[in-house]
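Content type PDB, C-alpha atoms, from the file my_file.pdb:
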MODEL        1
ATOM      1  CA  MET A   1      32.411  -6.827 -11.063
ATOM      2  CA  THR A   2      31.728 -10.045 -12.959
ATOM      3  CA  ILE A   3      31.963 -13.510 -11.444
ATOM      4  CA  GLU A   4      33.156 -16.952 -12.413
ATOM      5  CA  ASN A   5      30.549 -19.230 -10.827
ATOM      6  CA  HIS A   6      31.210 -22.976 -11.168
ATOM      7  CA  GLU A   7      27.581 -23.849 -10.391
ATOM      8  CA  ALA A   8      26.435 -21.622 -13.254
ATOM      9  CA  SER A   9      29.143 -22.579 -15.742
ATOM     10  CA  THR A  10      28.296 -23.211 -19.387
ATOM     11  CA  GLY A  11      28.635 -26.918 -18.677
ATOM     12  CA  HIS A  12      25.283 -26.705 -16.893
ATOM     13  CA  ARG A  13      23.736 -24.224 -19.320
ATOM     14  CA  GLY A  14      24.024 -26.154 -22.556
ATOM     15  CA  LEU A  15      24.145 -24.502 -25.970
ATOM     16  CA  GLN A  16      22.506 -21.244 -24.827
ATOM     17  CA  GLY A  17      25.186 -20.721 -22.211
ATOM     18  CA  ALA A  18      27.980 -21.534 -24.644
ATOM     19  CA  LEU A  19      26.634 -19.041 -27.180
ATOM     20  CA  LEU A  20      26.247 -16.278 -24.599
ATOM     21  CA  LYS A  21      29.793 -16.831 -23.400
ATOM     22  CA  ALA A  22      31.091 -16.801 -26.976
ATOM     23  CA  PHE A  23      29.397 -13.452 -27.613
ATOM     24  CA  GLY A  24      30.938 -11.943 -24.481
ATOM     25  CA  ALA A  25      28.106 -12.014 -21.963
ATOM     26  CA  ASN A  26      29.106 -11.069 -18.422
ATOM     27  CA  ASP A  27      27.838 -12.947 -15.357
ATOM     28  CA  TYR A  28      26.817 -11.478 -12.008
ATOM     29  CA  GLN A  29      25.652 -13.030  -8.763
ATOM     30  CA  LEU A  30      22.391 -11.528  -7.519
ATOM     31  CA  THR A  31      21.275 -11.875  -3.912
ATOM     32  CA  VAL A  32      17.630 -11.795  -2.861
ATOM     33  CA  THR A  33      17.011  -9.093  -0.235
ATOM     34  CA  GLY A  34      13.215  -8.947  -0.137
ATOM     35  CA  LYS A  35       9.961 -10.334  -1.474
ATOM     36  CA  ARG A  36       6.361  -9.146  -1.688
ATOM     37  CA  ALA A  37       3.172 -10.073  -3.471
ATOM     38  CA  ILE A  38       1.685  -7.527  -5.876
ATOM     39  CA  THR A  39      -1.334  -9.763  -6.584
ATOM     40  CA  ASP A  40      -2.123 -13.424  -6.008
ATOM     41  CA  ASN A  41      -0.394 -14.198  -9.332
ATOM     42  CA  TYR A  42       2.324 -11.551  -9.464
ATOM     43  CA  ILE A  43       5.276 -11.097  -7.116
ATOM     44  CA  ARG A  44       8.267  -8.800  -6.779
ATOM     45  CA  LEU A  45      11.723  -9.816  -5.591
ATOM     46  CA  SER A  46      14.389  -7.315  -4.544
ATOM     47  CA  PHE A  47      18.063  -7.981  -5.284
ATOM     48  CA  ASN A  48      21.506  -6.759  -4.504
ATOM     49  CA  ALA A  49      22.921  -6.418  -8.027
ATOM     50  CA  GLY A  50      26.418  -7.757  -7.357
ATOM     51  CA  GLY A  51      28.041  -4.867  -9.248
ATOM     52  CA  LEU A  52      25.926  -5.276 -12.379
ATOM     53  CA  LEU A  53      24.788  -1.645 -12.383
ATOM     54  CA  ASP A  54      28.355  -0.347 -12.060
ATOM     55  CA  ASP A  55      29.404  -1.822 -15.392
ATOM     56  CA  ARG A  56      26.829  -0.333 -17.781
ATOM     57  CA  PRO A  57      24.459   2.635 -18.155
ATOM     58  CA  ILE A  58      20.870   2.202 -17.029
ATOM     59  CA  HIS A  59      18.300   2.698 -19.764
ATOM     60  CA  PRO A  60      14.520   2.237 -20.177
ATOM     61  CA  THR A  61      13.356  -1.405 -20.497
ATOM     62  CA  MET A  62      16.815  -2.677 -19.463
ATOM     63  CA  TRP A  63      16.780  -6.450 -19.022
ATOM     64  CA  ILE A  64      18.949  -9.351 -17.922
ATOM     65  CA  ARG A  65      18.996 -13.121 -18.389
ATOM     66  CA  MET A  66      18.531 -15.063 -15.154
ATOM     67  CA  TRP A  67      19.548 -18.723 -14.890
ATOM     68  CA  PHE A  68      16.967 -20.943 -13.195
ATOM     69  CA  PRO A  69      17.510 -24.562 -12.107
ATOM     70  CA  ASN A  70      15.724 -27.388 -13.883
ATOM     71  CA  GLY A  71      17.094 -30.666 -12.586
ATOM     72  CA  SER A  72      20.824 -30.798 -13.312
ATOM     73  CA  LYS A  73      20.629 -28.030 -15.908
ATOM     74  CA  LEU A  74      20.048 -24.282 -15.896
ATOM     75  CA  HIS A  75      17.694 -22.431 -18.230
ATOM     76  CA  GLN A  76      17.742 -18.688 -18.867
ATOM     77  CA  ARG A  77      14.776 -16.336 -18.966
ATOM     78  CA  GLY A  78      14.834 -12.589 -19.628
ATOM     79  CA  TYR A  79      13.532 -10.132 -17.019
ATOM     80  CA  THR A  80      13.287  -6.347 -16.972
ATOM     81  CA  LEU A  81      14.951  -4.406 -14.175
ATOM     82  CA  VAL A  82      12.458  -2.593 -11.942
ATOM     83  CA  ASP A  83      13.559   0.575 -10.093
ATOM     84  CA  PRO A  84      17.311   0.090 -10.656
ATOM     85  CA  ASP A  85      19.383   2.166  -8.215
ATOM     86  CA  ARG A  86      23.029   2.491  -9.227
ATOM     87  CA  ALA A  87      24.150   4.130  -5.973
ATOM     88  CA  ALA A  88      22.637   1.362  -3.861
ATOM     89  CA  ASP A  89      23.479  -1.370  -6.413
ATOM     90  CA  THR A  90      19.935  -2.736  -6.212
ATOM     91  CA  PHE A  91      16.958  -3.470  -8.417
ATOM     92  CA  ASP A  92      13.726  -5.458  -8.307
ATOM     93  CA  VAL A  93      12.359  -8.110 -10.664
ATOM     94  CA  GLU A  94       8.664  -8.900 -11.085
ATOM     95  CA  PHE A  95       7.370 -12.385 -11.895
ATOM     96  CA  ALA A  96       4.021 -13.272 -13.443
ATOM     97  CA  ILE A  97       3.290 -16.608 -11.779
ATOM     98  CA  HIS A  98       2.573 -19.627 -13.978
ATOM     99  CA  ASP A  99       3.743 -23.220 -14.203
ATOM    100  CA  GLY A 100       7.394 -22.716 -15.039
ATOM    101  CA  ASN A 101      10.897 -23.023 -13.602
ATOM    102  CA  ALA A 102      11.347 -19.280 -13.096
ATOM    103  CA  ALA A 103       8.005 -18.867 -11.339
ATOM    104  CA  ARG A 104       8.650 -21.846  -9.074
ATOM    105  CA  TRP A 105      12.065 -20.468  -8.133
ATOM    106  CA  ALA A 106      10.604 -17.016  -7.415
ATOM    107  CA  LEU A 107       7.825 -18.433  -5.233
ATOM    108  CA  ALA A 108      10.337 -20.361  -3.137
ATOM    109  CA  ALA A 109      12.998 -17.616  -2.987
ATOM    110  CA  GLN A 110      13.959 -16.143   0.384
ATOM    111  CA  PRO A 111      16.334 -13.341   1.421
ATOM    112  CA  GLY A 112      19.918 -14.552   1.135
ATOM    113  CA  ASP A 113      19.261 -16.820  -1.856
ATOM    114  CA  THR A 114      21.491 -16.190  -4.855
ATOM    115  CA  ILE A 115      21.083 -16.578  -8.603
ATOM    116  CA  THR A 116      23.321 -15.892 -11.580
ATOM    117  CA  ALA A 117      22.397 -13.340 -14.233
ATOM    118  CA  SER A 118      24.000 -12.777 -17.633
ATOM    119  CA  VAL A 119      23.984  -9.452 -19.463
ATOM    120  CA  LEU A 120      24.379  -9.170 -23.220
ATOM    121  CA  GLY A 121      22.862  -6.947 -25.862
ATOM    122  CA  THR A 122      20.416  -4.962 -23.741
ATOM    123  CA  ASN A 123      20.047  -1.585 -25.400
ATOM    124  CA  PHE A 124      17.217   0.827 -26.052
ATOM    125  CA  GLU A 125      17.099   4.587 -26.482
ATOM    126  CA  LEU A 126      14.135   6.909 -26.695
ATOM    127  CA  PRO A 127      13.746   8.554 -30.112
ATOM    128  CA  GLU A 128      16.006  11.589 -30.590
ATOM    129  CA  THR A 129      13.031  13.567 -31.878
ATOM    130  CA  ALA A 130      10.166  13.265 -29.438
ATOM    131  CA  PRO A 131       7.175  11.559 -31.108
ATOM    132  CA  LYS A 132       3.673  12.932 -30.841
ATOM    133  CA  GLY A 133       2.731   9.887 -28.821
ATOM    134  CA  TYR A 134       3.509   6.268 -28.037
ATOM    135  CA  LEU A 135       1.631   3.076 -28.914
ATOM    136  CA  ILE A 136       2.531   0.407 -26.348
ATOM    137  CA  VAL A 137       1.289  -3.183 -26.497
ATOM    138  CA  GLY A 138       2.124  -5.938 -24.019
ATOM    139  CA  ASP A 139       0.883  -8.365 -21.393
ATOM    140  CA  THR A 140       1.507  -9.105 -17.725
ATOM    141  CA  ALA A 141       4.971 -10.501 -18.509
ATOM    142  CA  SER A 142       6.017  -7.187 -20.041
ATOM    143  CA  ILE A 143       4.407  -4.823 -17.507
ATOM    144  CA  PRO A 144       7.836  -4.043 -15.974
ATOM    145  CA  ALA A 145       9.101  -2.953 -19.404
ATOM    146  CA  ILE A 146       5.906  -0.974 -20.050
ATOM    147  CA  ASN A 147       6.277   0.802 -16.708
ATOM    148  CA  SER A 148       9.940   1.513 -17.399
ATOM    149  CA  LEU A 149       9.042   3.103 -20.734
ATOM    150  CA  LEU A 150       6.114   5.088 -19.307
ATOM    151  CA  GLY A 151       8.359   6.414 -16.567
ATOM    152  CA  ALA A 152      10.944   7.525 -19.127
ATOM    153  CA  ILE A 153       8.528   9.361 -21.442
ATOM    154  CA  GLY A 154       6.788  11.314 -18.666
ATOM    155  CA  ASP A 155       3.794  13.305 -19.874
ATOM    156  CA  VAL A 156       4.060  12.388 -23.558
ATOM    157  CA  PRO A 157       0.691  10.880 -24.594
ATOM    158  CA  ALA A 158       0.609   7.091 -24.731
ATOM    159  CA  ARG A 159      -1.986   4.511 -25.709
ATOM    160  CA  VAL A 160      -1.365   1.237 -23.906
ATOM    161  CA  TRP A 161      -2.973  -2.162 -24.516
ATOM    162  CA  VAL A 162      -2.281  -4.772 -21.835
ATOM    163  CA  GLU A 163      -3.408  -8.386 -22.108
ATOM    164  CA  TRP A 164      -4.561 -10.011 -18.861
ATOM    165  CA  VAL A 165      -5.251 -13.617 -17.843
ATOM    166  CA  HIS A 166      -6.271 -13.436 -14.165
ATOM    167  CA  SER A 167      -8.803 -10.835 -13.034
ATOM    168  CA  SER A 168      -6.288  -9.621 -10.437
ATOM    169  CA  ASP A 169      -3.849  -8.727 -13.240
ATOM    170  CA  ARG A 170      -5.795  -5.521 -13.800
ATOM    171  CA  SER A 171      -4.798  -4.304 -10.343
ATOM    172  CA  ILE A 172      -1.064  -4.438 -11.131
ATOM    173  CA  PRO A 173       0.089  -0.801 -10.917
ATOM    174  CA  LEU A 174       0.941   0.975 -14.155
ATOM    175  CA  ALA A 175       3.107   4.099 -14.299
ATOM    176  CA  GLN A 176       0.424   6.041 -16.123
ATOM    177  CA  THR A 177      -0.185   9.774 -16.124
ATOM    178  CA  ALA A 178      -3.165  11.889 -17.102
ATOM    179  CA  HIS A 179      -1.902  11.526 -20.678
ATOM    180  CA  THR A 180      -1.942   7.714 -20.668
ATOM    181  CA  ASP A 181      -4.889   5.813 -22.132
ATOM    182  CA  VAL A 182      -4.871   2.175 -20.919
ATOM    183  CA  VAL A 183      -6.969  -0.640 -22.380
ATOM    184  CA  TRP A 184      -6.985  -4.005 -20.593
ATOM    185  CA  VAL A 185      -7.798  -6.929 -22.901
ATOM    186  CA  GLN A 186      -8.640 -10.424 -21.665
ATOM    187  CA  ARG A 187      -6.450 -13.026 -23.325
ATOM    188  CA  GLY A 188      -8.180 -15.063 -25.988
ATOM    189  CA  ALA A 189      -6.928 -17.901 -28.142
ATOM    190  CA  ASP A 190      -3.340 -17.219 -29.240
ATOM    191  CA  GLY A 191      -3.594 -13.526 -28.412
ATOM    192  CA  ALA A 192      -6.341 -12.950 -30.972
ATOM    193  CA  SER A 193      -8.335 -10.636 -28.695
ATOM    194  CA  LEU A 194      -5.368  -8.325 -28.161
ATOM    195  CA  VAL A 195      -4.596  -8.165 -31.869
ATOM    196  CA  ALA A 196      -8.259  -7.372 -32.599
ATOM    197  CA  ALA A 197      -8.365  -4.630 -29.960
ATOM    198  CA  VAL A 198      -5.297  -2.942 -31.424
ATOM    199  CA  ALA A 199      -6.636  -3.282 -34.977
ATOM    200  CA  ASP A 200      -9.979  -1.733 -34.001
ATOM    201  CA  ALA A 201      -8.180   1.376 -32.724
ATOM    202  CA  ALA A 202      -6.087   1.931 -35.873
ATOM    203  CA  PHE A 203      -5.471   5.510 -36.997
ATOM    204  CA  ASP A 204      -2.788   7.441 -38.868
ATOM    205  CA  ALA A 205       0.002   7.411 -36.287
ATOM    206  CA  HIS A 206       2.977   8.078 -38.557
ATOM    207  CA  ASP A 207       4.307  10.599 -36.013
ATOM    208  CA  HIS A 208       4.150   8.117 -33.099
ATOM    209  CA  PHE A 209       6.545   5.494 -31.732
ATOM    210  CA  GLY A 210       5.530   1.876 -31.143
ATOM    211  CA  PHE A 211       6.669  -0.565 -28.477
ATOM    212  CA  VAL A 212       5.490  -4.185 -28.623
ATOM    213  CA  ALA A 213       6.368  -6.940 -26.128
ATOM    214  CA  CYS A 214       4.016  -9.937 -26.166
ATOM    215  CA  ASP A 215       4.345 -13.614 -27.002
ATOM    216  CA  PHE A 216       6.147 -14.374 -30.252
ATOM    217  CA  LYS A 217       3.071 -14.794 -32.480
ATOM    218  CA  THR A 218       1.201 -11.788 -31.078
ATOM    219  CA  THR A 219       4.285  -9.569 -31.268
ATOM    220  CA  ARG A 220       4.624 -10.289 -34.976
ATOM    221  CA  ALA A 221       0.926  -9.642 -35.636
ATOM    222  CA  VAL A 222       0.818  -6.360 -33.682
ATOM    223  CA  THR A 223       4.063  -5.118 -35.234
ATOM    224  CA  SER A 224       2.542  -5.684 -38.669
ATOM    225  CA  LEU A 225      -0.550  -3.718 -37.622
ATOM    226  CA  LEU A 226       1.540  -0.792 -36.445
ATOM    227  CA  ARG A 227       3.344  -0.670 -39.751
ATOM    228  CA  HIS A 228       0.436  -1.145 -42.126
ATOM    229  CA  ARG A 229      -2.643   0.087 -40.266
ATOM    230  CA  PHE A 230      -1.082   2.774 -38.057
ATOM    231  CA  ARG A 231       1.504   3.782 -40.698
ATOM    232  CA  LEU A 232       4.524   3.684 -38.413
ATOM    233  CA  ASN A 233       7.931   3.524 -40.030
ATOM    234  CA  ARG A 234       9.883   0.339 -39.308
ATOM    235  CA  LYS A 235      12.501   2.381 -37.406
ATOM    236  CA  ALA A 236       9.753   3.861 -35.226
ATOM    237  CA  ILE A 237       8.891   0.469 -33.712
ATOM    238  CA  LYS A 238      10.711  -1.445 -31.011
ATOM    239  CA  SER A 239       9.359  -4.988 -30.844
ATOM    240  CA  GLN A 240      10.605  -7.972 -28.888
ATOM    241  CA  ALA A 241       8.848 -11.230 -28.182
ATOM    242  CA  TYR A 242       8.919 -11.866 -24.423
ATOM    243  CA  TRP A 243       7.799 -15.485 -24.531
ATOM    244  CA  LYS A 244       6.518 -18.319 -26.726
TER     245      LYS A 244
ENDMDL
END
Structure re-expressed in structure tokens:
Amino acid sequence: MTIENHEASTGHRGLQGALLKAFGANDYQLTVTGKRAITDNYIRLSFNAGGLLDDRPIHPTMWIRMWFPNGSKLHQRGYTLVDPDRAADTFDVEFAIHDGNAARWALAAQPGDTITASVLGTNFELPETAPKGYLIVGDTASIPAINSLLGAIGDVPARVWVEWVHSSDRSIPLAQTAHTDVVWVQRGADGASLVAAVADAAFDAHDHFGFVACDFKTTRAVTSLLRHRFRLNRKAIKSQAYWK
């Protein structure tokens, strides 16, 4: 069930909201039902989905756009659904805390608070032919997507590089199995350390699948590495910049 929410109308959203509406995005009202800290810089909020899960199939790395207040305007940020439950119409969202509108809203949120989410263009399917393994590269902002993908592939081998900023980031749970090799990389200037770590591990991975979700610049650099150093076909890579 979609909503028409005057507070979250495109008049408050600017050009981004107008474009989403023009392309047919649907809006839903989410209600906070719980909150807990994962680390001192990483929190999880639980939501009633407001019918969002009834209207579309759940898939790995599924994400939504949430509209956060910034003065008299609203700004959207994309977040991956964590543990979506269609029967209960619930899911969680995890926030890496930094100085931003979304983080400030999440820190202040309490059960009963509501927020509008838009859904448009979220789609991802696992390869029809199972790859020999997965190469997964991200950071704390994309850990929910990484965990969603790891949960979907089960025991298929995966090499995962995760960039961290705070020492506590390395205690954020990952959905790894005995077949998952995880490398934590401390963030350097403009993601250079993560790019170097991936480059140093290059091998012929033409029969693997790549998933990249970092900041814009790092995502481009790692995607290029997967194509040219790891020999992945363009169609065997799913890459999406999670932030700039």
For A:Trp67, the nearest of the candidates A:Thr39, A:Thr90, A:Ala106, A:Ile97, counting all atoms listed in the file: A:Ala106
If we count only C-alpha atoms, what is near A:Pro144 at a cut-off of 7 Å, once residues fewer than 4 positions away on the same chain are taken out, given as a CSV table (one decimal) with C-alpha atoms, keeping the file's coordinate frame?
chain,number,residue,atom,x,y,z
A,80,THR,CA,13.3,-6.3,-17.0
A,82,VAL,CA,12.5,-2.6,-11.9
A,94,GLU,CA,8.7,-8.9,-11.1
A,148,SER,CA,9.9,1.5,-17.4
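Among the candidates A:Arg104, A:Arg86, A:Arg234, A:Arg44, the one nearest to A:Arg56 when counting all atoms listed in the file is A:Arg86.
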Expand the PyMOL selection byres ((chain A and resi 165-176) around 8) into the explicit residue set it covers here, and present it as a PyMOL selection string. chain A and resi 38-42+140+143+146-148+150-151+163-164+177-180+184+186-187
Generate a file of the selected residues that holds C-alpha atoms, formatted as a PDB file, in the coordinates of the input.
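What ended up in out_10.pdb:
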ATOM      1  CA  ILE A  38       1.685  -7.527  -5.876  1.00  0.00           C
ATOM      2  CA  THR A  39      -1.334  -9.763  -6.584  1.00  0.00           C
ATOM      3  CA  ASP A  40      -2.123 -13.424  -6.008  1.00  0.00           C
ATOM      4  CA  ASN A  41      -0.394 -14.198  -9.332  1.00  0.00           C
ATOM      5  CA  TYR A  42       2.324 -11.551  -9.464  1.00  0.00           C
ATOM      6  CA  THR A 140       1.507  -9.105 -17.725  1.00  0.00           C
ATOM      7  CA  ILE A 143       4.407  -4.823 -17.507  1.00  0.00           C
ATOM      8  CA  ILE A 146       5.906  -0.974 -20.050  1.00  0.00           C
ATOM      9  CA  ASN A 147       6.277   0.802 -16.708  1.00  0.00           C
ATOM     10  CA  SER A 148       9.940   1.513 -17.399  1.00  0.00           C
ATOM     11  CA  LEU A 150       6.114   5.088 -19.307  1.00  0.00           C
ATOM     12  CA  GLY A 151       8.359   6.414 -16.567  1.00  0.00           C
ATOM     13  CA  GLU A 163      -3.408  -8.386 -22.108  1.00  0.00           C
ATOM     14  CA  TRP A 164      -4.561 -10.011 -18.861  1.00  0.00           C
ATOM     15  CA  THR A 177      -0.185   9.774 -16.124  1.00  0.00           C
ATOM     16  CA  ALA A 178      -3.165  11.889 -17.102  1.00  0.00           C
ATOM     17  CA  HIS A 179      -1.902  11.526 -20.678  1.00  0.00           C
ATOM     18  CA  THR A 180      -1.942   7.714 -20.668  1.00  0.00           C
ATOM     19  CA  TRP A 184      -6.985  -4.005 -20.593  1.00  0.00           C
ATOM     20  CA  GLN A 186      -8.640 -10.424 -21.665  1.00  0.00           C
ATOM     21  CA  ARG A 187      -6.450 -13.026 -23.325  1.00  0.00           C
TER      22      ARG A 187
END
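For the file shown, the residue list from the PyMOL selection byres ((chain A and resi 193) around 12) reads Asp139, Trp161, Val162, Glu163, Trp164, Val165, Val183, Trp184, Val185, Gln186, Arg187, Gly188, Ala189, Asp190, Gly191, Ala192, Leu194, Val195, Ala196, Ala197, Val198, Ala199, Asp200, Thr218, Ala221 and Val222 of chain A.
When all atoms listed in the file are used to measure the gap to A:Leu135, the shortest distance among A:Val182, A:Cys214, A:Val93, A:Ile115 belongs to A:Val182.
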Could you list, as a list in words, every residue within 7 Å of stretch 203-209 of chain A, counting only C-alpha atoms and ignoring same-chain residues fewer than 6 positions away? Pro131, Lys132, Gly133, Tyr134, Leu135, Arg229, Phe230, Arg231, Leu232, Asn233, Ala236 and Ile237 of chain A
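Straight-line separation from atom CA of A:Asp83 to atom CA of A:Val137: 20.8 Å.
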List the residues selected by the PyMOL selection byres ((chain A and resi 123) around 12) in the file shown, writing them as a PyMOL selection string. chain A and resi 56-64+80+119-122+124-126+238+240
For the selection just defined, write its residues with C-alpha atoms to a file, as an mmCIF file, in the frame of the given file.
data_model
loop_
_atom_site.group_PDB
_atom_site.id
_atom_site.type_symbol
_atom_site.label_atom_id
_atom_site.label_comp_id
_atom_site.auth_asym_id
_atom_site.auth_seq_id
_atom_site.Cartn_x
_atom_site.Cartn_y
_atom_site.Cartn_z
ATOM 1 C CA ARG A 56 26.829 -0.333 -17.781
ATOM 2 C CA PRO A 57 24.459 2.635 -18.155
ATOM 3 C CA ILE A 58 20.870 2.202 -17.029
ATOM 4 C CA HIS A 59 18.300 2.698 -19.764
ATOM 5 C CA PRO A 60 14.520 2.237 -20.177
ATOM 6 C CA THR A 61 13.356 -1.405 -20.497
ATOM 7 C CA MET A 62 16.815 -2.677 -19.463
ATOM 8 C CA TRP A 63 16.780 -6.450 -19.022
ATOM 9 C CA ILE A 64 18.949 -9.351 -17.922
ATOM 10 C CA THR A 80 13.287 -6.347 -16.972
ATOM 11 C CA VAL A 119 23.984 -9.452 -19.463
ATOM 12 C CA LEU A 120 24.379 -9.170 -23.220
ATOM 13 C CA GLY A 121 22.862 -6.947 -25.862
ATOM 14 C CA THR A 122 20.416 -4.962 -23.741
ATOM 15 C CA PHE A 124 17.217 0.827 -26.052
ATOM 16 C CA GLU A 125 17.099 4.587 -26.482
ATOM 17 C CA LEU A 126 14.135 6.909 -26.695
ATOM 18 C CA LYS A 238 10.711 -1.445 -31.011
ATOM 19 C CA GLN A 240 10.605 -7.972 -28.888
#
Kindly provide, as JSON, the centre and edge lengths (Å, one decimal) of an axis-aligned box around all atoms of stretch 93-102 of chain A given in the file, with 4 Å on each side.
{"center_x": 7.5, "center_y": -15.7, "center_z": -12.9, "size_x": 17.8, "size_y": 23.1, "size_z": 12.4}
Can you work out the spacing between atom CA of A:Ala158 and atom CA of A:Asp181 in Å, to one decimal? 6.2 Å
I need the residue nearest A:Asn101 from this list: A:Pro84, A:Glu128, A:Phe68, A:Thr116. Use all atoms listed in the file for the distance. A:Phe68
With distances taken over all atoms listed in the file, which of A:Asp215, A:Asp27, A:Asp54, A:Asp89 is nearest to A:Ala141? A:Asp215
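Proximity ranking of A:Ser72, A:Ser118, A:Thr219, A:Ser46 relative to A:Gln29 places A:Ser118 first, based on all atoms listed in the file.
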Calculate how many Å separate atom CA of A:Leu53 from atom CA of A:Phe216, rounding to one decimal. 28.8 Å
Got a sec: who's within 12 Å of A:Gly71, counting all atoms listed in the file, leaving out chain neighbours fewer than 2 positions off, as an MDAnalysis selection string? chainID A and resid 12:13 68:69 73:75 101
So which residues touch A:Val32 within 9 Å, counting all atoms listed in the file, skipping near sequence neighbours fewer than 3 positions away, as a ChimeraX atom specification? /A:35,45-48,109-115
N, CA, C and O atoms modelled onto stretch 86-100 of chain A, as a short mmCIF file (atom, residue, chain, number, x, y, z; two decimals), in the frame of the given file:
data_model
loop_
_atom_site.label_atom_id
_atom_site.label_comp_id
_atom_site.auth_asym_id
_atom_site.auth_seq_id
_atom_site.Cartn_x
_atom_site.Cartn_y
_atom_site.Cartn_z
N ARG A 86 21.60 2.70 -9.07
CA ARG A 86 23.03 2.49 -9.23
C ARG A 86 23.78 2.74 -7.92
O ARG A 86 24.69 1.97 -7.55
N ALA A 87 23.43 3.80 -7.20
CA ALA A 87 24.15 4.13 -5.97
C ALA A 87 24.04 3.02 -4.94
O ALA A 87 25.00 2.69 -4.24
N ALA A 88 22.85 2.43 -4.84
CA ALA A 88 22.64 1.36 -3.86
C ALA A 88 22.99 -0.01 -4.41
O ALA A 88 23.07 -0.98 -3.65
N ASP A 89 23.21 -0.10 -5.73
CA ASP A 89 23.48 -1.37 -6.41
C ASP A 89 22.34 -2.37 -6.18
O ASP A 89 22.56 -3.52 -5.81
N THR A 90 21.12 -1.90 -6.43
CA THR A 90 19.93 -2.74 -6.21
C THR A 90 18.95 -2.58 -7.36
O THR A 90 18.94 -1.57 -8.07
N PHE A 91 18.12 -3.56 -7.53
CA PHE A 91 16.96 -3.47 -8.42
C PHE A 91 15.97 -4.55 -8.00
O PHE A 91 16.28 -5.44 -7.21
N ASP A 92 14.75 -4.45 -8.54
CA ASP A 92 13.73 -5.46 -8.31
C ASP A 92 13.44 -6.18 -9.62
O ASP A 92 13.75 -5.68 -10.71
N VAL A 93 12.83 -7.35 -9.50
CA VAL A 93 12.36 -8.11 -10.66
C VAL A 93 10.96 -8.61 -10.34
O VAL A 93 10.72 -9.10 -9.23
N GLU A 94 10.04 -8.46 -11.29
CA GLU A 94 8.66 -8.90 -11.08
C GLU A 94 8.39 -10.16 -11.90
O GLU A 94 8.82 -10.28 -13.05
N PHE A 95 7.65 -11.09 -11.29
CA PHE A 95 7.37 -12.38 -11.90
C PHE A 95 5.87 -12.59 -12.01
O PHE A 95 5.15 -12.53 -11.01
N ALA A 96 5.39 -12.82 -13.23
CA ALA A 96 4.02 -13.27 -13.44
C ALA A 96 4.01 -14.78 -13.20
O ALA A 96 4.73 -15.53 -13.86
N ILE A 97 3.23 -15.22 -12.22
CA ILE A 97 3.29 -16.61 -11.78
C ILE A 97 2.50 -17.52 -12.72
O ILE A 97 1.34 -17.27 -13.04
N HIS A 98 3.18 -18.59 -13.15
CA HIS A 98 2.57 -19.63 -13.98
C HIS A 98 3.36 -20.91 -13.71
O HIS A 98 4.24 -20.94 -12.84
N ASP A 99 3.06 -21.95 -14.43
CA ASP A 99 3.74 -23.22 -14.20
C ASP A 99 5.04 -23.25 -15.00
O ASP A 99 5.08 -23.69 -16.14
N GLY A 100 6.11 -22.76 -14.37
CA GLY A 100 7.39 -22.72 -15.04
C GLY A 100 8.53 -22.69 -14.03
O GLY A 100 8.32 -22.40 -12.85
#
